[in-house]
file structure_24.cif (mmCIF, C-alpha atoms and all ligand atoms)
data_entry
loop_
_atom_site.label_atom_id
_atom_site.label_comp_id
_atom_site.auth_asym_id
_atom_site.auth_seq_id
_atom_site.Cartn_x
_atom_site.Cartn_y
_atom_site.Cartn_z
CA MET A 1073 -21.71 -11.47 -9.69
CA THR A 1074 -18.63 -11.98 -7.58
CA LEU A 1075 -17.30 -15.48 -6.99
CA VAL A 1076 -15.37 -15.83 -3.71
CA LEU A 1077 -12.95 -18.77 -3.60
CA SER A 1078 -11.10 -19.74 -0.41
CA VAL A 1079 -7.54 -20.81 -0.89
CA ASP A 1080 -4.74 -21.97 1.40
CA PRO A 1081 -2.20 -19.09 1.60
CA ALA A 1082 0.78 -21.45 1.83
CA ALA A 1083 -0.30 -24.21 -0.57
CA PRO A 1084 -2.95 -22.90 -2.98
CA ASP A 1085 -5.16 -25.55 -4.62
CA PRO A 1086 -4.18 -25.71 -8.34
CA ASP A 1087 -7.82 -26.16 -9.40
CA VAL A 1088 -8.89 -22.96 -7.65
CA ILE A 1089 -5.91 -21.08 -9.11
CA ALA A 1090 -6.74 -22.45 -12.59
CA ARG A 1091 -10.29 -21.05 -12.37
CA ALA A 1092 -9.05 -17.61 -11.37
CA ALA A 1093 -6.32 -17.70 -14.03
CA GLU A 1094 -8.93 -18.53 -16.68
CA ALA A 1095 -11.00 -15.53 -15.55
CA LEU A 1096 -7.91 -13.33 -15.99
CA ARG A 1097 -7.13 -14.72 -19.44
CA SER A 1098 -10.70 -14.10 -20.60
CA GLY A 1099 -10.61 -10.41 -19.65
CA GLY A 1100 -12.02 -10.68 -16.12
CA LEU A 1101 -11.08 -8.94 -12.88
CA VAL A 1102 -9.58 -11.10 -10.13
CA ALA A 1103 -8.82 -9.82 -6.64
CA PHE A 1104 -5.94 -11.75 -5.10
CA PRO A 1105 -3.72 -11.59 -2.01
CA THR A 1106 -0.16 -10.37 -2.23
CA GLU A 1107 2.21 -10.21 0.75
CA THR A 1108 1.40 -6.46 1.08
CA VAL A 1109 -2.33 -5.89 0.36
CA TYR A 1110 -4.97 -7.46 -1.91
CA GLY A 1111 -4.65 -6.47 -5.57
CA LEU A 1112 -7.33 -6.04 -8.24
CA GLY A 1113 -5.84 -7.89 -11.19
CA ALA A 1114 -6.40 -7.92 -14.94
CA ASN A 1115 -4.36 -9.10 -17.92
CA ALA A 1116 -1.92 -6.19 -18.39
CA LEU A 1117 -1.78 -6.75 -22.15
CA ASP A 1118 -5.58 -6.55 -22.58
CA THR A 1119 -6.57 -2.88 -22.85
CA ARG A 1120 -10.26 -3.53 -22.25
CA ALA A 1121 -9.60 -5.58 -19.13
CA VAL A 1122 -7.30 -2.83 -17.84
CA ALA A 1123 -10.01 -0.23 -18.50
CA ARG A 1124 -12.33 -2.29 -16.28
CA ILE A 1125 -9.87 -1.88 -13.36
CA PHE A 1126 -10.12 1.92 -13.59
CA ALA A 1127 -13.93 1.76 -13.81
CA ALA A 1128 -14.26 -0.69 -10.89
CA LYS A 1129 -12.09 1.43 -8.60
CA GLY A 1130 -13.31 4.82 -9.75
CA ARG A 1131 -9.62 5.52 -10.35
CA PRO A 1132 -8.55 8.51 -12.48
CA ALA A 1133 -6.92 7.56 -15.80
CA TYR A 1134 -3.78 9.61 -14.96
CA ASP A 1135 -2.81 7.18 -12.17
CA PRO A 1136 -0.67 4.32 -13.60
CA LEU A 1137 -0.84 0.66 -12.50
CA ILE A 1138 1.82 -1.76 -11.27
CA VAL A 1139 2.50 -4.78 -13.49
CA HIS A 1140 3.03 -8.01 -11.54
CA LEU A 1141 5.25 -10.81 -12.82
CA ALA A 1142 6.01 -14.35 -11.60
CA ARG A 1143 9.78 -13.84 -11.72
CA ALA A 1144 12.38 -11.14 -12.25
CA GLU A 1145 13.66 -12.84 -15.42
CA ASP A 1146 10.33 -11.96 -17.08
CA ALA A 1147 10.94 -8.21 -16.71
CA ALA A 1148 12.04 -7.90 -20.35
CA LEU A 1149 8.43 -8.73 -21.30
CA VAL A 1150 7.25 -5.35 -20.06
CA ALA A 1151 10.44 -3.25 -19.75
CA ARG A 1152 12.41 -1.91 -22.70
CA GLU A 1153 15.57 -2.13 -20.67
CA VAL A 1154 16.44 -3.65 -17.29
CA PRO A 1155 19.31 -1.64 -15.79
CA GLU A 1156 22.03 -3.41 -13.81
CA VAL A 1157 20.83 -1.72 -10.62
CA ALA A 1158 17.40 -3.34 -11.06
CA ARG A 1159 18.97 -6.79 -11.38
CA ARG A 1160 21.06 -6.16 -8.27
CA LEU A 1161 18.01 -5.05 -6.24
CA TRP A 1162 15.88 -7.93 -7.45
CA SER A 1163 18.58 -10.49 -6.71
CA ARG A 1164 18.12 -9.42 -3.08
CA PHE A 1165 14.43 -8.39 -2.90
CA ALA A 1166 12.58 -10.45 -5.51
CA PRO A 1167 10.15 -11.90 -4.92
CA GLY A 1168 8.98 -9.35 -2.37
CA PRO A 1169 7.40 -5.96 -1.65
CA LEU A 1170 9.58 -3.86 -3.96
CA THR A 1171 8.27 -2.15 -7.11
CA LEU A 1172 10.78 -0.78 -9.61
CA ILE A 1173 10.05 1.94 -12.19
CA LEU A 1174 11.67 0.92 -15.50
CA PRO A 1175 11.57 2.16 -19.10
CA LYS A 1176 8.33 0.87 -20.63
CA HIS A 1177 8.21 -1.73 -23.41
CA PRO A 1178 5.93 -0.75 -26.35
CA ARG A 1179 4.05 -4.03 -25.75
CA VAL A 1180 2.49 -2.58 -22.59
CA PRO A 1181 -0.72 -0.64 -23.36
CA ALA A 1182 -0.55 3.11 -22.64
CA ARG A 1183 -3.66 2.71 -20.46
CA VAL A 1184 -1.59 0.71 -17.92
CA THR A 1185 1.08 3.37 -17.53
CA ALA A 1186 -1.26 6.36 -17.92
CA GLY A 1187 0.64 7.38 -21.04
CA ARG A 1188 4.03 7.40 -19.31
CA ASP A 1189 7.26 6.19 -20.82
CA THR A 1190 7.96 4.13 -17.70
CA VAL A 1191 6.32 1.05 -16.20
CA ALA A 1192 6.08 -0.06 -12.55
CA VAL A 1193 7.11 -3.72 -12.13
CA ARG A 1194 6.76 -5.93 -9.09
CA ILE A 1195 7.37 -9.62 -8.35
CA PRO A 1196 5.13 -10.50 -5.38
CA SER A 1197 6.20 -13.25 -2.96
CA HIS A 1198 2.74 -14.40 -1.80
CA PRO A 1199 2.33 -18.03 -2.96
CA VAL A 1200 -1.23 -17.33 -4.18
CA ALA A 1201 -0.14 -14.32 -6.24
CA ARG A 1202 2.78 -16.24 -7.70
CA ALA A 1203 0.66 -19.27 -8.58
CA LEU A 1204 -2.03 -17.08 -10.16
CA ILE A 1205 0.38 -15.09 -12.35
CA GLU A 1206 2.19 -18.27 -13.36
CA ALA A 1207 -1.06 -20.06 -14.27
CA ALA A 1208 -2.45 -17.07 -16.16
CA GLY A 1209 0.74 -16.88 -18.22
CA VAL A 1210 0.36 -13.12 -18.67
CA PRO A 1211 1.67 -10.05 -16.82
CA VAL A 1212 -0.98 -8.94 -14.31
CA ALA A 1213 -1.79 -5.24 -13.84
CA ALA A 1214 -3.06 -4.71 -10.30
CA PRO A 1215 -3.67 -1.71 -8.09
CA SER A 1216 -4.78 -2.20 -4.48
CA ALA A 1217 -8.30 -3.71 -4.51
CA ASN A 1218 -10.13 -0.79 -2.89
CA ARG A 1219 -12.35 2.00 -4.20
CA PHE A 1220 -10.14 4.95 -5.19
CA GLY A 1221 -9.17 7.03 -2.15
CA HIS A 1222 -10.15 4.40 0.41
CA VAL A 1223 -7.87 2.39 2.70
CA SER A 1224 -6.05 -0.53 0.98
CA PRO A 1225 -7.54 -3.98 1.72
CA THR A 1226 -5.65 -6.51 3.82
CA THR A 1227 -8.47 -9.12 3.86
CA ALA A 1228 -10.95 -10.48 1.31
CA ALA A 1229 -13.75 -8.97 3.44
CA HIS A 1230 -12.21 -5.51 2.86
CA VAL A 1231 -12.19 -6.16 -0.89
CA LEU A 1232 -15.87 -7.13 -0.83
CA GLU A 1233 -16.78 -4.03 1.24
CA ASP A 1234 -15.51 -1.88 -1.64
CA LEU A 1235 -15.89 -4.00 -4.78
CA ALA A 1236 -18.59 -6.69 -4.34
CA GLY A 1237 -20.46 -7.12 -7.61
CA VAL A 1238 -17.83 -5.38 -9.78
CA VAL A 1239 -14.98 -7.89 -9.40
CA ASP A 1240 -15.45 -11.32 -11.02
CA VAL A 1241 -13.40 -13.48 -8.64
CA VAL A 1242 -11.96 -12.90 -5.16
CA LEU A 1243 -9.28 -15.32 -3.93
CA ASP A 1244 -9.59 -15.35 -0.14
CA ALA A 1245 -6.37 -16.45 1.55
CA GLY A 1246 -6.84 -14.60 4.84
CA PRO A 1247 -5.00 -11.48 6.01
CA THR A 1248 -1.94 -10.28 4.08
CA PRO A 1249 1.29 -10.50 6.13
CA VAL A 1250 3.05 -7.16 5.41
CA GLY A 1251 -0.04 -4.94 5.53
CA VAL A 1252 1.37 -1.84 3.81
CA GLU A 1253 1.96 -1.53 0.07
CA SER A 1254 5.25 -2.16 -1.72
CA THR A 1255 8.15 0.25 -1.69
CA ILE A 1256 8.37 2.06 -5.06
CA LEU A 1257 11.85 2.92 -6.32
CA ASP A 1258 12.42 4.74 -9.60
CA VAL A 1259 15.50 3.18 -11.20
CA SER A 1260 14.78 4.73 -14.60
CA ARG A 1261 16.79 7.70 -13.34
CA GLU A 1262 20.24 7.98 -11.83
CA PRO A 1263 20.52 7.99 -8.83
CA PRO A 1264 17.32 6.05 -7.99
CA VAL A 1265 14.57 7.93 -6.12
CA LEU A 1266 12.13 6.51 -3.55
CA LEU A 1267 8.61 7.36 -4.75
CA ARG A 1268 6.70 5.55 -1.97
CA PRO A 1269 8.01 4.03 1.28
CA GLY A 1270 6.62 0.52 1.80
CA GLY A 1271 7.32 -3.08 2.74
CA VAL A 1272 11.05 -3.03 1.94
CA PRO A 1273 12.70 -0.56 4.36
CA ARG A 1274 14.73 2.29 2.91
CA GLU A 1275 17.75 1.17 4.96
CA ALA A 1276 17.64 -2.26 3.26
CA LEU A 1277 17.69 -0.61 -0.19
CA GLU A 1278 20.58 1.63 0.86
CA ALA A 1279 22.56 -1.37 2.08
CA VAL A 1280 22.33 -2.93 -1.40
CA LEU A 1281 22.83 0.30 -3.34
CA GLY A 1282 25.72 1.42 -1.14
CA HIS A 1283 24.50 5.03 -0.90
CA PRO A 1284 21.66 7.05 0.69
CA VAL A 1285 18.34 7.07 -1.20
CA ARG A 1286 16.47 10.32 -1.71
CA ILE A 1287 12.73 10.40 -1.02
CA ALA A 1288 10.56 12.32 -3.49
CA THR A 1289 8.19 14.68 -1.67
CA ALA A 1290 5.18 16.73 -2.73
CA SER A 1291 7.29 19.87 -2.28
CA THR A 1292 10.12 18.81 -4.62
CA PRO A 1293 10.93 21.63 -7.04
CA GLU A 1294 9.56 21.54 -10.58
CA GLY A 1295 11.51 19.25 -12.91
CA GLU A 1296 12.56 17.07 -9.96
CA PRO A 1297 11.11 13.57 -9.42
CA ALA A 1298 7.67 13.82 -7.82
CA PRO A 1299 6.21 11.10 -5.61
CA ALA A 1300 4.22 8.33 -7.35
CA PRO A 1301 1.24 10.00 -9.04
CA GLY A 1302 -1.18 7.94 -6.94
CA THR A 1303 0.26 9.13 -3.64
CA LEU A 1304 -2.02 12.15 -3.42
CA PRO A 1305 -1.82 14.04 -0.12
CA ARG A 1306 -4.97 12.26 1.16
CA HIS A 1307 -4.79 8.95 -0.60
CA TYR A 1308 -5.16 6.33 2.13
CA ALA A 1309 -8.14 7.89 3.80
CA PRO A 1310 -10.60 6.33 6.20
CA ARG A 1311 -14.07 7.83 5.93
CA VAL A 1312 -13.87 9.61 9.29
CA PRO A 1313 -11.59 12.46 10.43
CA LEU A 1314 -8.18 11.33 11.69
CA TRP A 1315 -6.14 13.47 14.05
CA LEU A 1316 -2.44 12.63 13.89
CA PHE A 1317 -0.10 13.53 16.76
CA ASP A 1318 3.33 13.87 15.25
CA GLY A 1319 6.02 14.11 17.92
CA PRO A 1320 7.75 12.31 20.80
CA PRO A 1321 5.68 9.51 22.42
CA ASP A 1322 5.26 11.24 25.82
CA TRP A 1323 4.06 14.46 24.18
CA ALA A 1324 1.75 12.53 21.85
CA ARG A 1325 0.16 10.53 24.67
CA THR A 1326 -0.44 13.66 26.76
CA MET A 1327 -1.94 15.52 23.80
CA MET A 1328 -4.10 12.54 22.85
CA ARG A 1329 -5.49 12.34 26.38
CA GLU A 1330 -6.35 16.04 26.41
CA THR A 1331 -7.85 15.95 22.93
CA ALA A 1332 -9.87 12.81 23.64
CA HIS A 1333 -11.20 14.41 26.81
CA VAL A 1334 -12.49 17.46 24.93
CA LEU A 1335 -13.91 15.49 21.99
CA LEU A 1336 -15.65 12.98 24.27
CA ALA A 1337 -17.23 15.87 26.19
CA GLN A 1338 -18.53 17.16 22.85
CA GLY A 1339 -20.28 13.82 22.29
CA GLU A 1340 -17.90 12.48 19.63
CA GLN A 1341 -17.37 8.72 19.26
CA VAL A 1342 -13.63 8.93 19.80
CA ALA A 1343 -11.36 6.02 18.88
CA ALA A 1344 -7.59 5.63 18.99
CA LEU A 1345 -5.30 3.59 16.76
CA VAL A 1346 -2.16 3.31 18.86
CA PRO A 1347 0.84 1.20 19.89
CA ALA A 1348 -0.07 -1.32 22.60
CA GLU A 1349 1.77 0.64 25.31
CA ASP A 1350 -0.36 3.74 24.61
CA ALA A 1351 -3.57 1.73 24.75
CA ALA A 1352 -2.81 0.95 28.40
CA ALA A 1353 -2.23 4.65 29.12
CA LEU A 1354 -5.49 5.73 27.45
CA ARG A 1355 -7.82 2.97 28.63
CA ASP A 1356 -9.37 4.91 31.54
CA LEU A 1357 -10.88 7.55 29.20
CA GLY A 1358 -13.50 5.10 27.95
CA MET A 1359 -12.85 5.59 24.26
CA GLN A 1360 -12.59 2.79 21.73
CA LEU A 1361 -9.03 1.50 21.30
CA PHE A 1362 -7.41 -0.46 18.51
CA PRO A 1363 -3.95 -1.57 19.72
CA LEU A 1364 -1.51 -2.09 16.86
CA GLY A 1365 0.99 -4.12 18.88
CA PRO A 1366 4.08 -2.86 20.72
CA SER A 1367 5.88 0.02 18.99
CA GLU A 1368 9.18 -1.87 19.04
CA ASP A 1369 7.57 -4.33 16.60
CA LEU A 1370 6.96 -2.05 13.62
CA ALA A 1371 6.29 -4.99 11.28
CA HIS A 1372 3.40 -6.08 13.49
CA MET A 1373 2.08 -2.49 13.63
CA ALA A 1374 2.24 -2.20 9.84
CA ALA A 1375 0.37 -5.49 9.43
CA ARG A 1376 -2.49 -4.21 11.63
CA LEU A 1377 -2.66 -0.58 10.44
CA PHE A 1378 -5.23 -0.78 7.62
CA GLU A 1379 -7.31 -3.37 9.49
CA GLY A 1380 -7.41 -0.89 12.37
CA LEU A 1381 -8.53 2.04 10.21
CA ARG A 1382 -11.29 -0.01 8.60
CA THR A 1383 -12.43 -1.56 11.89
CA LEU A 1384 -12.74 1.77 13.71
CA GLU A 1385 -14.51 3.32 10.74
CA SER A 1386 -17.03 0.48 10.47
CA GLN A 1387 -17.65 0.46 14.23
CA GLY A 1388 -18.98 4.01 14.10
CA ALA A 1389 -16.05 6.12 15.29
CA THR A 1390 -16.60 9.79 14.42
CA VAL A 1391 -12.98 10.78 15.16
CA ILE A 1392 -9.85 8.62 15.08
CA LEU A 1393 -6.70 9.61 17.01
CA ALA A 1394 -3.30 8.23 16.06
CA ARG A 1395 0.38 9.02 16.53
CA THR A 1396 3.55 8.67 14.51
CA VAL A 1397 6.24 6.10 15.31
CA PRO A 1398 10.04 6.34 14.87
CA ASN A 1399 10.88 7.07 11.23
CA GLN A 1400 12.99 3.96 10.72
CA GLY A 1401 12.42 0.56 9.11
CA LEU A 1402 8.71 0.05 8.46
CA GLY A 1403 8.05 3.19 10.55
CA LEU A 1404 8.66 5.30 7.44
CA ALA A 1405 5.78 3.57 5.62
CA ILE A 1406 3.51 3.60 8.69
CA ASN A 1407 4.03 7.36 9.18
CA ASP A 1408 3.54 8.02 5.46
CA ARG A 1409 0.16 6.23 5.44
CA LEU A 1410 -0.93 7.94 8.68
CA ARG A 1411 -0.05 11.38 7.27
CA ARG A 1412 -2.03 10.69 4.12
CA ALA A 1413 -5.00 9.48 6.15
CA ALA A 1414 -4.90 12.47 8.50
CA THR A 1415 -7.35 15.36 8.33
CA HIS A 1416 -5.55 17.17 11.19
CA VAL A 1417 -1.83 16.95 11.99
CA LEU A 1418 -0.64 18.28 15.36
CA ARG A 1419 3.13 18.68 15.67
CA ALA A 1420 5.18 19.10 18.81
CA ALA A 1421 6.74 22.58 18.83
CA ALA A 1422 10.41 22.43 17.93
CA ARG A 1423 12.62 22.86 20.98
CA LEU A 1424 14.37 26.23 21.15
O1 LIG B 1501 1.94 -3.47 -2.70
C1 LIG B 1501 1.53 -2.95 -3.75
O2 LIG B 1501 2.27 -2.26 -4.47
C2 LIG B 1501 0.06 -3.22 -4.16
C3 LIG B 1501 -0.08 -4.70 -4.49
C4 LIG B 1501 -1.45 -5.04 -5.01
O3 LIG B 1501 0.92 -5.07 -5.40
N1 LIG B 1501 -0.29 -2.40 -5.26
C5 LIG B 1501 -0.51 -1.07 -5.16
O4 LIG B 1501 -0.96 -0.48 -6.32
O5 LIG B 1501 -0.34 -0.45 -4.12
P1 LIG B 1501 -1.60 0.98 -6.36
O6 LIG B 1501 -2.08 1.13 -7.74
O7 LIG B 1501 -2.57 1.11 -5.27
O8 LIG B 1501 -0.38 1.91 -6.13
C6 LIG B 1501 0.62 1.96 -7.15
C7 LIG B 1501 1.33 3.26 -7.13
C8 LIG B 1501 0.45 4.43 -7.50
O9 LIG B 1501 0.70 5.49 -6.59
C9 LIG B 1501 0.92 4.79 -8.89
O10 LIG B 1501 0.77 6.15 -9.15
C10 LIG B 1501 2.38 4.37 -8.86
O11 LIG B 1501 2.35 3.19 -8.12
N2 LIG B 1501 2.93 4.10 -10.19
C11 LIG B 1501 2.53 3.15 -11.06
N3 LIG B 1501 3.22 3.25 -12.22
C12 LIG B 1501 4.10 4.27 -12.08
C13 LIG B 1501 5.07 4.88 -12.92
N4 LIG B 1501 5.29 4.44 -14.17
N5 LIG B 1501 5.77 5.93 -12.43
C14 LIG B 1501 5.56 6.37 -11.16
N6 LIG B 1501 4.63 5.86 -10.32
C15 LIG B 1501 3.92 4.83 -10.77
MG MG B 1502 -3.78 1.96 -3.97
#
call {"tool": "encode", "arguments": {"input": "structure_24.cif", "output": "structure tokens"}}
result
Amino acid sequence: MTLVLSVDPAAPDPDVIARAAEALRSGGLVAFPTETVYGLGANALDTRAVARIFAAKGRPAYDPLIVHLARAEDAALVAREVPEVARRLWSRFAPGPLTLILPKHPRVPARVTAGRDTVAVRIPSHPVARALIEAAGVPVAAPSANRFGHVSPTTAAHVLEDLAGVVDVVLDAGPTPVGVESTILDVSREPPVLLRPGGVPREALEAVLGHPVRIATASTPEGEPAPAPGTLPRHYAPRVPLWLFDGPPDWARTMMRETAHVLLAQGEQVAALVPAEDAAALRDLGMQLFPLGPSEDLAHMAARLFEGLRTLESQGATVILARTVPNQGLGLAINDRLRRAATHVLRAAARL
């Protein structure tokens, strides 16, 4: 049985939070909003509760979880050592959508970190998440509250689509504001490496660090930092094929028109997940459109991205078309999630 409790995102009712916190303390699973996506929380120090997260999601045991704390000063509870660079980053970005990889404290069960010697730590800024962690009085292990391999949830309805009946409590505080997951930075090595682009832009990290930040990629040589283990090539997948047009906007729009034309003629239910300005240019084809907002507002696009994927999928699209955006600010995270969701990637030929 899943209990769904509505809660004000800005001023959560302490009685509602107390009920959810009690469920966490007694080994239950609580789905809660963070500023990025909804998380599926359990007491990080309770091995059995943590095991229930993996079972509920169908998540492989090799994929470690993020531990959520109420404040940066609590990091010593779960990290053996908090390097100076972590303090500097948190003084600017905590609370917020930044996850740091730190040396693991022996107190944290191996199940949480998938046997690794490091632990992922994040201090969420969403008032509901903060109140819940505070009231529970324990570190909260929480992956995104979706079935493994599906799109991350940005509403309580998304959580219930994937996890109704297997999660004990869902705190419903409406849509999450950032819409893509946290940025993951590994500061257990020198220099730090970006394992997953997310809600804190790379440029913002670089401004604090004072040097460029390297991004781990799937093709990094052996012995080099790999991307976060959970960022499998097709990790954020909708359940229908997604064709991604990766190139300049004019090229992408032309290619999308031609592709849509052919697919529609073949009887496909074609849908497009595009910046608002593209939606206008594609409207006459008669396909389903999900405008993400103007491409100059990448934060707005990021906030709508997962909602768009889930909406088109549930409305019966058999093919989704999308295009990349400029690789700056939140564009890096948007493009990363689109590439992982894509079944087909079409790239503009390099100019000679
Ligand atoms: O925004 C977010 O980060 C959301 C909200 C709920 O906080 N959480 C989230 O968790 O996206 P999850 O489990 O869906 O993604 C966490 C990623 C996974 O790819 C996992 O492999 C990686 O973090 N990760 C966790 N611990 C790690 C570690 N010790 N070293 C490297 N990667 C780690
Ligand atoms: Mg996830």
call {"tool": "closest_residue", "arguments": {"input": "structure_24.cif", "among": "A:Val1280, A:Ala1300, A:Met1327, A:Ala1147", "to": "ligand MG 1502 (chain B)", "atoms": "all atoms listed in the file"}}
result
A:Ala1300
call {"tool": "atom_distance", "arguments": {"input": "structure_24.cif", "atom1": "atom CA of A:Leu1384", "atom2": "atom CA of A:Leu1357"}}
result
16.6 Å
call {"tool": "atom_distance", "arguments": {"input": "structure_24.cif", "atom1": "atom CA of A:Leu1314", "atom2": "atom CA of A:Ala1414"}}
result
4.7 Å
call {"tool": "atom_distance", "arguments": {"input": "structure_24.cif", "atom1": "atom CA of A:Leu1232", "atom2": "atom CA of A:Ile1195"}}
result
24.6 Å
call {"tool": "closest_residue", "arguments": {"input": "structure_24.cif", "among": "A:Ala1121, A:Val1200, A:Leu1267, A:Leu1235", "to": "ligand LIG 1501 (chain B)", "atoms": "all atoms listed in the file"}}
result
A:Leu1267
call {"tool": "residues_around", "arguments": {"input": "structure_24.cif", "residues": "stretch 1177-1185 of chain A", "least_positions_apart": "2", "cutoff": "7 Å", "atoms": "all atoms listed in the file", "output": "ChimeraX atom specification"}}
result
/A:1116-1117,1119,1122,1136-1137,1150-1152,1175,1187-1188,1190-1191
call {"tool": "write_last_selection", "arguments": {"input": "structure_24.cif", "atoms": "C-alpha atoms", "output": "mmCIF file, in the frame of the given file"}}
result
data_model
loop_
_atom_site.group_PDB
_atom_site.id
_atom_site.type_symbol
_atom_site.label_atom_id
_atom_site.label_comp_id
_atom_site.auth_asym_id
_atom_site.auth_seq_id
_atom_site.Cartn_x
_atom_site.Cartn_y
_atom_site.Cartn_z
ATOM 1 C CA ALA A 1116 -1.920 -6.190 -18.390
ATOM 2 C CA LEU A 1117 -1.780 -6.750 -22.150
ATOM 3 C CA THR A 1119 -6.570 -2.880 -22.850
ATOM 4 C CA VAL A 1122 -7.300 -2.830 -17.840
ATOM 5 C CA PRO A 1136 -0.670 4.320 -13.600
ATOM 6 C CA LEU A 1137 -0.840 0.660 -12.500
ATOM 7 C CA VAL A 1150 7.250 -5.350 -20.060
ATOM 8 C CA ALA A 1151 10.440 -3.250 -19.750
ATOM 9 C CA ARG A 1152 12.410 -1.910 -22.700
ATOM 10 C CA PRO A 1175 11.570 2.160 -19.100
ATOM 11 C CA GLY A 1187 0.640 7.380 -21.040
ATOM 12 C CA ARG A 1188 4.030 7.400 -19.310
ATOM 13 C CA THR A 1190 7.960 4.130 -17.700
ATOM 14 C CA VAL A 1191 6.320 1.050 -16.200
#
call {"tool": "residues_near_ligand", "arguments": {"input": "structure_24.cif", "ligand": "ligand LIG 1501 (chain B)", "cutoff": "6 Å", "atoms": "all atoms listed in the file", "output": "number ranges by chain"}}
result
A: 1108-1111, 1135-1138, 1173, 1185, 1190-1192, 1214-1216, 1253-1254, 1300-1303
call {"tool": "decode", "arguments": {"input": "structure_24.cif", "residues": "stretch 1243-1259 of chain A", "atoms": "N, CA and C atoms", "output": "PDB file, in the first residue's frame"}}
result
ATOM      1  N   LEU A1243       5.503  11.816  -0.945  1.00  0.00           N
ATOM      2  CA  LEU A1243       5.218  13.218  -0.620  1.00  0.00           C
ATOM      3  C   LEU A1243       5.032  13.971  -1.931  1.00  0.00           C
ATOM      4  N   ASP A1244       3.826  14.451  -2.162  1.00  0.00           N
ATOM      5  CA  ASP A1244       3.502  15.136  -3.423  1.00  0.00           C
ATOM      6  C   ASP A1244       3.556  16.634  -3.219  1.00  0.00           C
ATOM      7  N   ALA A1245       4.597  17.267  -3.782  1.00  0.00           N
ATOM      8  CA  ALA A1245       4.731  18.726  -3.659  1.00  0.00           C
ATOM      9  C   ALA A1245       4.727  19.375  -5.039  1.00  0.00           C
ATOM     10  N   GLY A1246       4.120  18.695  -6.020  1.00  0.00           N
ATOM     11  CA  GLY A1246       4.063  19.272  -7.363  1.00  0.00           C
ATOM     12  C   GLY A1246       5.352  19.060  -8.124  1.00  0.00           C
ATOM     13  N   PRO A1247       5.475  19.671  -9.314  1.00  0.00           N
ATOM     14  CA  PRO A1247       6.639  19.452 -10.168  1.00  0.00           C
ATOM     15  C   PRO A1247       7.934  19.984  -9.547  1.00  0.00           C
ATOM     16  N   THR A1248       9.038  19.297  -9.823  1.00  0.00           N
ATOM     17  CA  THR A1248      10.335  19.717  -9.286  1.00  0.00           C
ATOM     18  C   THR A1248      10.909  20.822 -10.175  1.00  0.00           C
ATOM     19  N   PRO A1249      11.521  21.864  -9.581  1.00  0.00           N
ATOM     20  CA  PRO A1249      11.884  23.044 -10.375  1.00  0.00           C
ATOM     21  C   PRO A1249      13.048  22.877 -11.361  1.00  0.00           C
ATOM     22  N   VAL A1250      14.074  22.100 -11.030  1.00  0.00           N
ATOM     23  CA  VAL A1250      15.238  22.019 -11.934  1.00  0.00           C
ATOM     24  C   VAL A1250      14.977  21.018 -13.070  1.00  0.00           C
ATOM     25  N   GLY A1251      14.462  19.860 -12.737  1.00  0.00           N
ATOM     26  CA  GLY A1251      14.006  18.928 -13.770  1.00  0.00           C
ATOM     27  C   GLY A1251      15.037  17.964 -14.313  1.00  0.00           C
ATOM     28  N   VAL A1252      16.323  18.223 -14.151  1.00  0.00           N
ATOM     29  CA  VAL A1252      17.361  17.233 -14.460  1.00  0.00           C
ATOM     30  C   VAL A1252      18.131  16.955 -13.167  1.00  0.00           C
ATOM     31  N   GLU A1253      18.765  15.791 -13.095  1.00  0.00           N
ATOM     32  CA  GLU A1253      19.413  15.381 -11.857  1.00  0.00           C
ATOM     33  C   GLU A1253      20.617  16.260 -11.516  1.00  0.00           C
ATOM     34  N   SER A1254      21.145  16.046 -10.306  1.00  0.00           N
ATOM     35  CA  SER A1254      22.277  16.841  -9.834  1.00  0.00           C
ATOM     36  C   SER A1254      23.534  16.590 -10.670  1.00  0.00           C
ATOM     37  N   THR A1255      24.395  17.587 -10.666  1.00  0.00           N
ATOM     38  CA  THR A1255      25.736  17.457 -11.232  1.00  0.00           C
ATOM     39  C   THR A1255      26.561  16.593 -10.279  1.00  0.00           C
ATOM     40  N   ILE A1256      27.294  15.605 -10.809  1.00  0.00           N
ATOM     41  CA  ILE A1256      28.144  14.774  -9.937  1.00  0.00           C
ATOM     42  C   ILE A1256      29.611  15.087 -10.219  1.00  0.00           C
ATOM     43  N   LEU A1257      30.307  15.523  -9.174  1.00  0.00           N
ATOM     44  CA  LEU A1257      31.725  15.865  -9.292  1.00  0.00           C
ATOM     45  C   LEU A1257      32.523  14.978  -8.339  1.00  0.00           C
ATOM     46  N   ASP A1258      33.524  14.304  -8.870  1.00  0.00           N
ATOM     47  CA  ASP A1258      34.380  13.445  -8.043  1.00  0.00           C
ATOM     48  C   ASP A1258      35.529  14.276  -7.499  1.00  0.00           C
ATOM     49  N   VAL A1259      35.452  14.607  -6.185  1.00  0.00           N
ATOM     50  CA  VAL A1259      36.529  15.370  -5.554  1.00  0.00           C
ATOM     51  C   VAL A1259      37.404  14.449  -4.694  1.00  0.00           C
TER      52      VAL A1259
END
